[in-house]
There are 2 protein chains.
Amino acid sequence: MTDLARFSINQMTVKQLSLPELVEACGQLGVGQVGLWREPVQAYGLAETAKLVRDAGLTVTTLCRGGFFTAIDPQERAAALADNRRAVDEAAALGTDTLVLVSGGLPPGSRDLRAARERIADALAELGPYAEDRGVRLAIEPLHPMYAADRCVVSTLAQALDLAERFPARQVGVTVDTYHIWWDDQAPAQIARAGASGRIHTFQLADWVTPLPAGVLNGRGQIGDGAIDMREWRGYVEAAGYTGPIEVELFNEELWGRDGREVLAETVERFHGVFL
Amino acid sequence: MTDLARFSINQMTVKQLSLPELVEACGQLGVGQVGLWREPVQAYGLAETAKLVRDAGLTVTTLCRGGFFTAIDPQERAAALADNRRAVDEAAALGTDTLVLVSGGLPPGSRDLRAARERIADALAELGPYAEDRGVRLAIEPLHPMYAADRCVVSTLAQALDLAERFPARQVGVTVDTYHIWWDDQAPAQIARAGASGRIHTFQLADWVTPLPAGVLNGRGQIGDGAIDMREWRGYVEAAGYTGPIEVELFNEELWGRDGREVLAETVERFHGVFL
């Protein structure tokens, strides 16, 4: 199962590397695929990034991220949709067919998760056709329930699929990320459900390590370091028919404090190790 | 809905109060019910605590907590069962019919959540009849999925009920705690399921506030301060037929740093406020 052709490095894992450094390190290690983030791409320049990765022969597997659809205020909603259309345009310019969506948390003062989830559906109805026209698929990412209040009211694959299935699979699917779903005994069946309708738009890995840091954002473990059986989860997505890239996306202060090339090399090695 | 007769203060909310201070403060505020923890009870003395609360006319709604059933090593398992039998005895001595169970996390080096959950069932099969003979019901508490690795492999009410339903309801039921389940769109249906078989053995409140502190243990919000609609969840448990105590159990460093009597008075006030 240790096929480097399936591996993709998400830029956030080694965010200490500039885009040219990342591209160079990928070349040296034989890594052919990267997941990118909007902010560093914008900082380097969209056209410049597209040319850089194209010239290096790199495939862009995903762009992170759109979303944040849960505002109530009409002006905020319009601004979020406009920003998401730009994210779709950026994905298309980078040559990736997948835009990852983090849906957004509860608006200030609200306690209504159901209504927030409905507003996501409203936004997808507008954004889906726009993305399809540009060859981009939206990938709703359920985030771990510990983010339900302040970051993402979509907490399970089942919820993500309940939203996605209102739209064609070529417009809206899901992100399967081990970090967010590993605890969920319903997730294997939901992966099968997602695969059956062609909605596994990306598969991402991060490991679960404790104790969690304050704010719980930047404690995602290097693969192999934590509680998640990566082989098991890869087995579920492949049994569901997924044959696409496997992206390693870590937010980890300790990893960010190290040499980025070394972290990338370690990540490749761990990728081989966990799938032995 | 603001009936103080339903209110119970969990000792952990005001752990800065000694048992006599807690009992006195309850008397002053008209609070007639308390949930106790084993460690402070043992420190004060089991018989002494039982006499103290009985003489004050207080009802003990729950004892926290048994559990930690997931060890693989036979000696560790035997020790855990022996300790849980003592916890049952303590509950009986205190006059409460409910022992809350926190099931335990993954053993060191294990990544097998399913096997850990099976070992919980094995332990319940031994402990359930022992508890029943002493008039004590076991209340499996699903903890938030952020504790799945290191504290409790039972992460949802559905999982807790899948375990509990292997046993008679007079032996094993569940703890419904808003803090752990509020994000779960399946939880309302699971509360109904629990109520239908008489398995809601206790109902606890804590609010969800962010950012979470490092370690994510002691950031439970005062009720009314966070993202959870307490009225909504009380509605679910009451629609499911639950008419028992409503216990407020907060782990919160900020609250622990204040005067305990003041925190108790505030908690009573909030209890009225959230159910207005």
# chains A, B, ... in the order shown; residues from 1 in each chain; ligands from 1
$ residues_around --residues "Arg111 of chain A" --least-positions-apart "4" --cutoff "12 Å" --atoms "only C-alpha atoms" --output "list in words"
Gly105, Leu106, Pro107, Ala115, Ala116, Arg117, Ala148, Ala149, Asp150 and Val153 of chain A; Trp182, Trp183, Asp207, Trp208, Val209, Gly224, Asp225, Gly226, Ala227, Ile228, Asp229, Met230, Arg231, Glu232 and Trp233 of chain B
$ write_last_selection --atoms "N, CA and C atoms" --output "PDB file, in the first residue's frame"
ATOM      1  N   GLY A 105     -18.811  28.331  11.913  1.00  0.00           N
ATOM      2  CA  GLY A 105     -19.402  28.015  13.215  1.00  0.00           C
ATOM      3  C   GLY A 105     -20.717  28.740  13.433  1.00  0.00           C
ATOM      4  N   LEU A 106     -21.142  28.779  14.696  1.00  0.00           N
ATOM      5  CA  LEU A 106     -22.360  29.508  15.048  1.00  0.00           C
ATOM      6  C   LEU A 106     -22.098  31.007  14.980  1.00  0.00           C
ATOM      7  N   PRO A 107     -22.995  31.781  14.408  1.00  0.00           N
ATOM      8  CA  PRO A 107     -22.823  33.236  14.463  1.00  0.00           C
ATOM      9  C   PRO A 107     -22.894  33.710  15.920  1.00  0.00           C
ATOM     10  N   ALA A 115     -30.218  25.637  12.054  1.00  0.00           N
ATOM     11  CA  ALA A 115     -30.402  26.776  11.148  1.00  0.00           C
ATOM     12  C   ALA A 115     -29.082  27.112  10.459  1.00  0.00           C
ATOM     13  N   ALA A 116     -27.980  27.004  11.192  1.00  0.00           N
ATOM     14  CA  ALA A 116     -26.675  27.288  10.578  1.00  0.00           C
ATOM     15  C   ALA A 116     -26.398  26.296   9.451  1.00  0.00           C
ATOM     16  N   ARG A 117     -26.757  25.028   9.682  1.00  0.00           N
ATOM     17  CA  ARG A 117     -26.540  24.013   8.634  1.00  0.00           C
ATOM     18  C   ARG A 117     -27.409  24.306   7.414  1.00  0.00           C
ATOM     19  N   ALA A 148     -17.464  22.556  16.724  1.00  0.00           N
ATOM     20  CA  ALA A 148     -18.835  22.812  16.275  1.00  0.00           C
ATOM     21  C   ALA A 148     -19.296  24.241  16.550  1.00  0.00           C
ATOM     22  N   ALA A 149     -18.845  24.838  17.645  1.00  0.00           N
ATOM     23  CA  ALA A 149     -19.345  26.169  17.988  1.00  0.00           C
ATOM     24  C   ALA A 149     -18.665  27.260  17.171  1.00  0.00           C
ATOM     25  N   ASP A 150     -17.354  27.169  17.036  1.00  0.00           N
ATOM     26  CA  ASP A 150     -16.626  28.349  16.565  1.00  0.00           C
ATOM     27  C   ASP A 150     -16.007  28.196  15.183  1.00  0.00           C
ATOM     28  N   VAL A 153     -20.046  23.874  11.927  1.00  0.00           N
ATOM     29  CA  VAL A 153     -21.240  23.219  12.485  1.00  0.00           C
ATOM     30  C   VAL A 153     -21.511  21.867  11.821  1.00  0.00           C
TER      31      VAL A 153
ATOM     32  N   TRP B 182     -24.110  18.010  22.760  1.00  0.00           N
ATOM     33  CA  TRP B 182     -24.874  19.108  22.171  1.00  0.00           C
ATOM     34  C   TRP B 182     -24.672  19.258  20.663  1.00  0.00           C
ATOM     35  N   TRP B 183     -23.508  18.846  20.169  1.00  0.00           N
ATOM     36  CA  TRP B 183     -23.152  18.994  18.752  1.00  0.00           C
ATOM     37  C   TRP B 183     -23.803  17.927  17.894  1.00  0.00           C
ATOM     38  N   ASP B 207     -22.163  24.128  29.945  1.00  0.00           N
ATOM     39  CA  ASP B 207     -22.252  24.865  28.677  1.00  0.00           C
ATOM     40  C   ASP B 207     -20.929  24.766  27.921  1.00  0.00           C
ATOM     41  N   TRP B 208     -21.011  24.987  26.608  1.00  0.00           N
ATOM     42  CA  TRP B 208     -19.843  24.874  25.731  1.00  0.00           C
ATOM     43  C   TRP B 208     -19.298  26.274  25.441  1.00  0.00           C
ATOM     44  N   VAL B 209     -18.117  26.560  25.953  1.00  0.00           N
ATOM     45  CA  VAL B 209     -17.503  27.863  25.704  1.00  0.00           C
ATOM     46  C   VAL B 209     -16.139  27.656  25.047  1.00  0.00           C
ATOM     47  N   GLY B 224     -25.588  29.034  30.442  1.00  0.00           N
ATOM     48  CA  GLY B 224     -25.991  30.340  29.927  1.00  0.00           C
ATOM     49  C   GLY B 224     -24.866  31.090  29.252  1.00  0.00           C
ATOM     50  N   ASP B 225     -23.634  30.686  29.516  1.00  0.00           N
ATOM     51  CA  ASP B 225     -22.485  31.411  28.949  1.00  0.00           C
ATOM     52  C   ASP B 225     -22.092  30.937  27.552  1.00  0.00           C
ATOM     53  N   GLY B 226     -22.624  29.825  27.099  1.00  0.00           N
ATOM     54  CA  GLY B 226     -22.064  29.227  25.896  1.00  0.00           C
ATOM     55  C   GLY B 226     -23.063  28.959  24.786  1.00  0.00           C
ATOM     56  N   ALA B 227     -22.747  27.962  23.988  1.00  0.00           N
ATOM     57  CA  ALA B 227     -23.431  27.701  22.724  1.00  0.00           C
ATOM     58  C   ALA B 227     -24.641  26.783  22.854  1.00  0.00           C
ATOM     59  N   ILE B 228     -24.880  26.256  24.058  1.00  0.00           N
ATOM     60  CA  ILE B 228     -25.905  25.219  24.196  1.00  0.00           C
ATOM     61  C   ILE B 228     -27.241  25.802  24.641  1.00  0.00           C
ATOM     62  N   ASP B 229     -28.290  25.391  23.938  1.00  0.00           N
ATOM     63  CA  ASP B 229     -29.650  25.808  24.281  1.00  0.00           C
ATOM     64  C   ASP B 229     -30.194  24.843  25.338  1.00  0.00           C
ATOM     65  N   MET B 230     -30.055  25.217  26.600  1.00  0.00           N
ATOM     66  CA  MET B 230     -30.406  24.316  27.705  1.00  0.00           C
ATOM     67  C   MET B 230     -31.897  23.955  27.705  1.00  0.00           C
ATOM     68  N   ARG B 231     -32.729  24.926  27.355  1.00  0.00           N
ATOM     69  CA  ARG B 231     -34.179  24.659  27.288  1.00  0.00           C
ATOM     70  C   ARG B 231     -34.484  23.562  26.287  1.00  0.00           C
ATOM     71  N   GLU B 232     -33.797  23.626  25.144  1.00  0.00           N
ATOM     72  CA  GLU B 232     -34.031  22.630  24.099  1.00  0.00           C
ATOM     73  C   GLU B 232     -33.703  21.223  24.622  1.00  0.00           C
ATOM     74  N   TRP B 233     -32.542  21.087  25.278  1.00  0.00           N
ATOM     75  CA  TRP B 233     -32.132  19.755  25.734  1.00  0.00           C
ATOM     76  C   TRP B 233     -32.989  19.277  26.890  1.00  0.00           C
TER      77      TRP B 233
END
$ residues_around --residues "Glu247 of chain B" --least-positions-apart "4" --cutoff "7 Å" --atoms "only C-alpha atoms" --output "NGL selection string"
:B and (7-10 or 203-205)
$ write_last_selection --atoms "C-alpha atoms" --output "PDB file, in the first residue's frame"
ATOM      1  CA  PHE B   7     -31.890  21.278  40.640  1.00  0.00           C
ATOM      2  CA  SER B   8     -28.883  19.375  41.934  1.00  0.00           C
ATOM      3  CA  ILE B   9     -25.426  20.836  42.394  1.00  0.00           C
ATOM      4  CA  ASN B  10     -22.602  18.550  41.425  1.00  0.00           C
ATOM      5  CA  PHE B 203     -29.312  14.493  33.314  1.00  0.00           C
ATOM      6  CA  GLN B 204     -26.402  16.897  33.691  1.00  0.00           C
ATOM      7  CA  LEU B 205     -25.789  20.413  32.402  1.00  0.00           C
TER       8      LEU B 205
END
$ select_by_dssp --residues "segment 123-205 of chain B" --states "alpha helix (DSSP H)" --output "ChimeraX atom specification"
/B:123-133,157-164,178-181,187-196
$ closest_residue --among "B:Ile191, B:Val176, B:Val41, B:Leu81" --to "Tyr130 of chain B" --atoms "only C-alpha atoms"
B:Leu81
$ select_by_dssp --residues "segment 22-190 of chain B" --states "strand (DSSP E)" --output "list in words"
Gln33, Val34, Gly35, Leu36, Trp37, Thr59, Val60, Thr61, Thr62, Leu63, Cys64, Arg65, Gly66, Gly67, Thr98, Leu99, Val100, Leu101, Val102, Arg137, Leu138, Ala139, Ile140, Val172, Gly173, Val174, Thr175, Val176 and Asp177 of chain B
$ write_last_selection --atoms "C-alpha atoms" --output "compact mmCIF listing (two decimals), in the first residue's frame"
# COMPACT_ATOMS: atom_id res chain seq x y z
CA GLN B 33 -29.81 17.79 46.04
CA VAL B 34 -26.14 17.19 45.44
CA GLY B 35 -24.03 15.00 43.18
CA LEU B 36 -20.89 13.77 44.92
CA TRP B 37 -17.43 12.59 43.84
CA THR B 59 -30.56 13.95 48.57
CA VAL B 60 -27.51 12.54 46.83
CA THR B 61 -28.47 12.38 43.15
CA THR B 62 -25.35 10.66 41.76
CA LEU B 63 -21.93 9.47 42.71
CA CYS B 64 -19.12 10.20 40.23
CA ARG B 65 -17.54 8.03 39.14
CA GLY B 66 -16.76 4.48 38.29
CA GLY B 67 -15.52 3.11 35.03
CA THR B 98 -26.90 6.21 40.45
CA LEU B 99 -23.20 5.62 39.82
CA VAL B 100 -21.85 7.56 36.83
CA LEU B 101 -19.36 5.63 34.67
CA VAL B 102 -16.59 7.12 32.55
CA ARG B 137 -27.87 1.72 38.67
CA LEU B 138 -24.87 2.26 36.43
CA ALA B 139 -25.05 5.32 34.17
CA ILE B 140 -22.66 5.13 31.20
CA VAL B 172 -27.32 -0.08 33.18
CA GLY B 173 -28.48 3.19 31.66
CA VAL B 174 -26.87 6.41 30.49
CA THR B 175 -25.87 9.85 31.64
CA VAL B 176 -27.19 12.62 29.41
CA ASP B 177 -24.80 15.59 29.75
$ closest_residue --among "A:Pro40, A:Gly241, A:Glu48, A:Ala214" --to "Gln16 of chain A" --atoms "only C-alpha atoms"
A:Pro40
$ atom_distance --atom1 "atom CA of Glu238 of chain A" --atom2 "atom CA of Gly198 of chain A"
12.1 Å
$ closest_residue --among "B:Leu250, B:Val268, B:Met146, B:Ala164" --to "chain A" --atoms "only C-alpha atoms"
B:Met146
$ residues_around --residues "Gln190 of chain A" --least-positions-apart "2" --cutoff "12 Å" --atoms "only C-alpha atoms" --output "PDB file with C-alpha atoms, in the first residue's frame"
ATOM      1  CA  PRO A 142     -16.776  17.745   8.546  1.00  0.00           C
ATOM      2  CA  THR A 156     -19.849  14.219  11.035  1.00  0.00           C
ATOM      3  CA  LEU A 157     -19.588  12.636   7.616  1.00  0.00           C
ATOM      4  CA  ALA A 158     -23.292  11.847   7.873  1.00  0.00           C
ATOM      5  CA  GLN A 159     -24.103  15.546   8.266  1.00  0.00           C
ATOM      6  CA  ALA A 160     -21.751  16.473   5.425  1.00  0.00           C
ATOM      7  CA  LEU A 161     -23.402  13.908   3.143  1.00  0.00           C
ATOM      8  CA  ASP A 162     -26.876  15.023   4.158  1.00  0.00           C
ATOM      9  CA  VAL A 174     -16.988  15.569   1.045  1.00  0.00           C
ATOM     10  CA  THR A 175     -13.503  15.642   2.504  1.00  0.00           C
ATOM     11  CA  VAL A 176     -12.633  12.514   4.471  1.00  0.00           C
ATOM     12  CA  ILE A 181     -13.812  11.319  12.050  1.00  0.00           C
ATOM     13  CA  ASP A 184     -17.022   7.929  14.933  1.00  0.00           C
ATOM     14  CA  ASP A 185     -18.253   4.340  14.673  1.00  0.00           C
ATOM     15  CA  GLN A 186     -20.703   5.483  11.993  1.00  0.00           C
ATOM     16  CA  ALA A 187     -17.953   6.878   9.761  1.00  0.00           C
ATOM     17  CA  PRO A 188     -17.033   3.646   7.951  1.00  0.00           C
ATOM     18  CA  ALA A 192     -19.232   3.678   1.884  1.00  0.00           C
ATOM     19  CA  ARG A 193     -22.246   5.953   1.354  1.00  0.00           C
ATOM     20  CA  ALA A 194     -19.985   8.713   0.053  1.00  0.00           C
ATOM     21  CA  GLY A 195     -18.157   6.363  -2.263  1.00  0.00           C
ATOM     22  CA  ALA A 196     -21.358   4.899  -3.669  1.00  0.00           C
ATOM     23  CA  SER A 197     -22.371   8.299  -5.030  1.00  0.00           C
ATOM     24  CA  ARG A 199     -18.603  11.995  -3.364  1.00  0.00           C
ATOM     25  CA  ILE A 200     -15.213  11.274  -1.761  1.00  0.00           C
ATOM     26  CA  TRP A 233      -9.181   4.202   7.272  1.00  0.00           C
ATOM     27  CA  TYR A 236     -12.461   2.074   4.120  1.00  0.00           C
ATOM     28  CA  VAL A 237     -11.985   4.747   1.457  1.00  0.00           C
ATOM     29  CA  ALA A 240     -15.582   2.642  -1.238  1.00  0.00           C
TER      30      ALA A 240
END
$ closest_residue --among "B:Pro145, B:His180, B:Gly221, B:Ala131" --to "Pro168 of chain B" --atoms "only C-alpha atoms"
B:Ala131
$ atom_distance --atom1 "atom CA of Ala80 of chain A" --atom2 "atom CA of Arg119 of chain A"
11.7 Å
$ atom_distance --atom1 "atom CA of Leu17 of chain A" --atom2 "atom CA of Asp89 of chain A"
24.4 Å
$ closest_residue --among "B:Gln75, B:Thr210, B:Thr70, B:Thr13" --to "chain A" --atoms "only C-alpha atoms"
B:Thr210
$ closest_residue --among "A:Leu19, A:Leu264, A:Val31, A:Ala56" --to "Ala43 of chain A" --atoms "only C-alpha atoms"
A:Leu19
$ residues_around --residues "Gly45 of chain A" --least-positions-apart "3" --cutoff "12 Å" --atoms "only C-alpha atoms" --output "list in words"
Leu19, Pro20, Arg38, Glu39, Pro40, Val41, Gln42, Glu48, Thr49, Ala50, Lys51, Leu52, Glu90, Ala93 and Leu94 of chain A
$ write_last_selection --atoms "C-alpha atoms" --output "PDB file, in the first residue's frame"
ATOM      1  CA  LEU A  19       6.265  28.044  -2.307  1.00  0.00           C
ATOM      2  CA  PRO A  20       9.551  27.789  -4.266  1.00  0.00           C
ATOM      3  CA  ARG A  38      -5.329  30.367  -0.463  1.00  0.00           C
ATOM      4  CA  GLU A  39      -3.425  32.780   1.766  1.00  0.00           C
ATOM      5  CA  PRO A  40       0.150  31.727   0.847  1.00  0.00           C
ATOM      6  CA  VAL A  41      -0.898  31.387  -2.793  1.00  0.00           C
ATOM      7  CA  GLN A  42      -2.279  34.920  -2.789  1.00  0.00           C
ATOM      8  CA  GLU A  48       3.002  32.946 -10.284  1.00  0.00           C
ATOM      9  CA  THR A  49       2.023  29.945  -8.154  1.00  0.00           C
ATOM     10  CA  ALA A  50       0.183  28.307 -11.042  1.00  0.00           C
ATOM     11  CA  LYS A  51       3.265  28.725 -13.254  1.00  0.00           C
ATOM     12  CA  LEU A  52       5.626  27.528 -10.507  1.00  0.00           C
ATOM     13  CA  GLU A  90      -8.294  30.348  -7.813  1.00  0.00           C
ATOM     14  CA  ALA A  93      -6.361  28.752 -12.118  1.00  0.00           C
ATOM     15  CA  LEU A  94      -4.194  26.359 -10.094  1.00  0.00           C
TER      16      LEU A  94
END
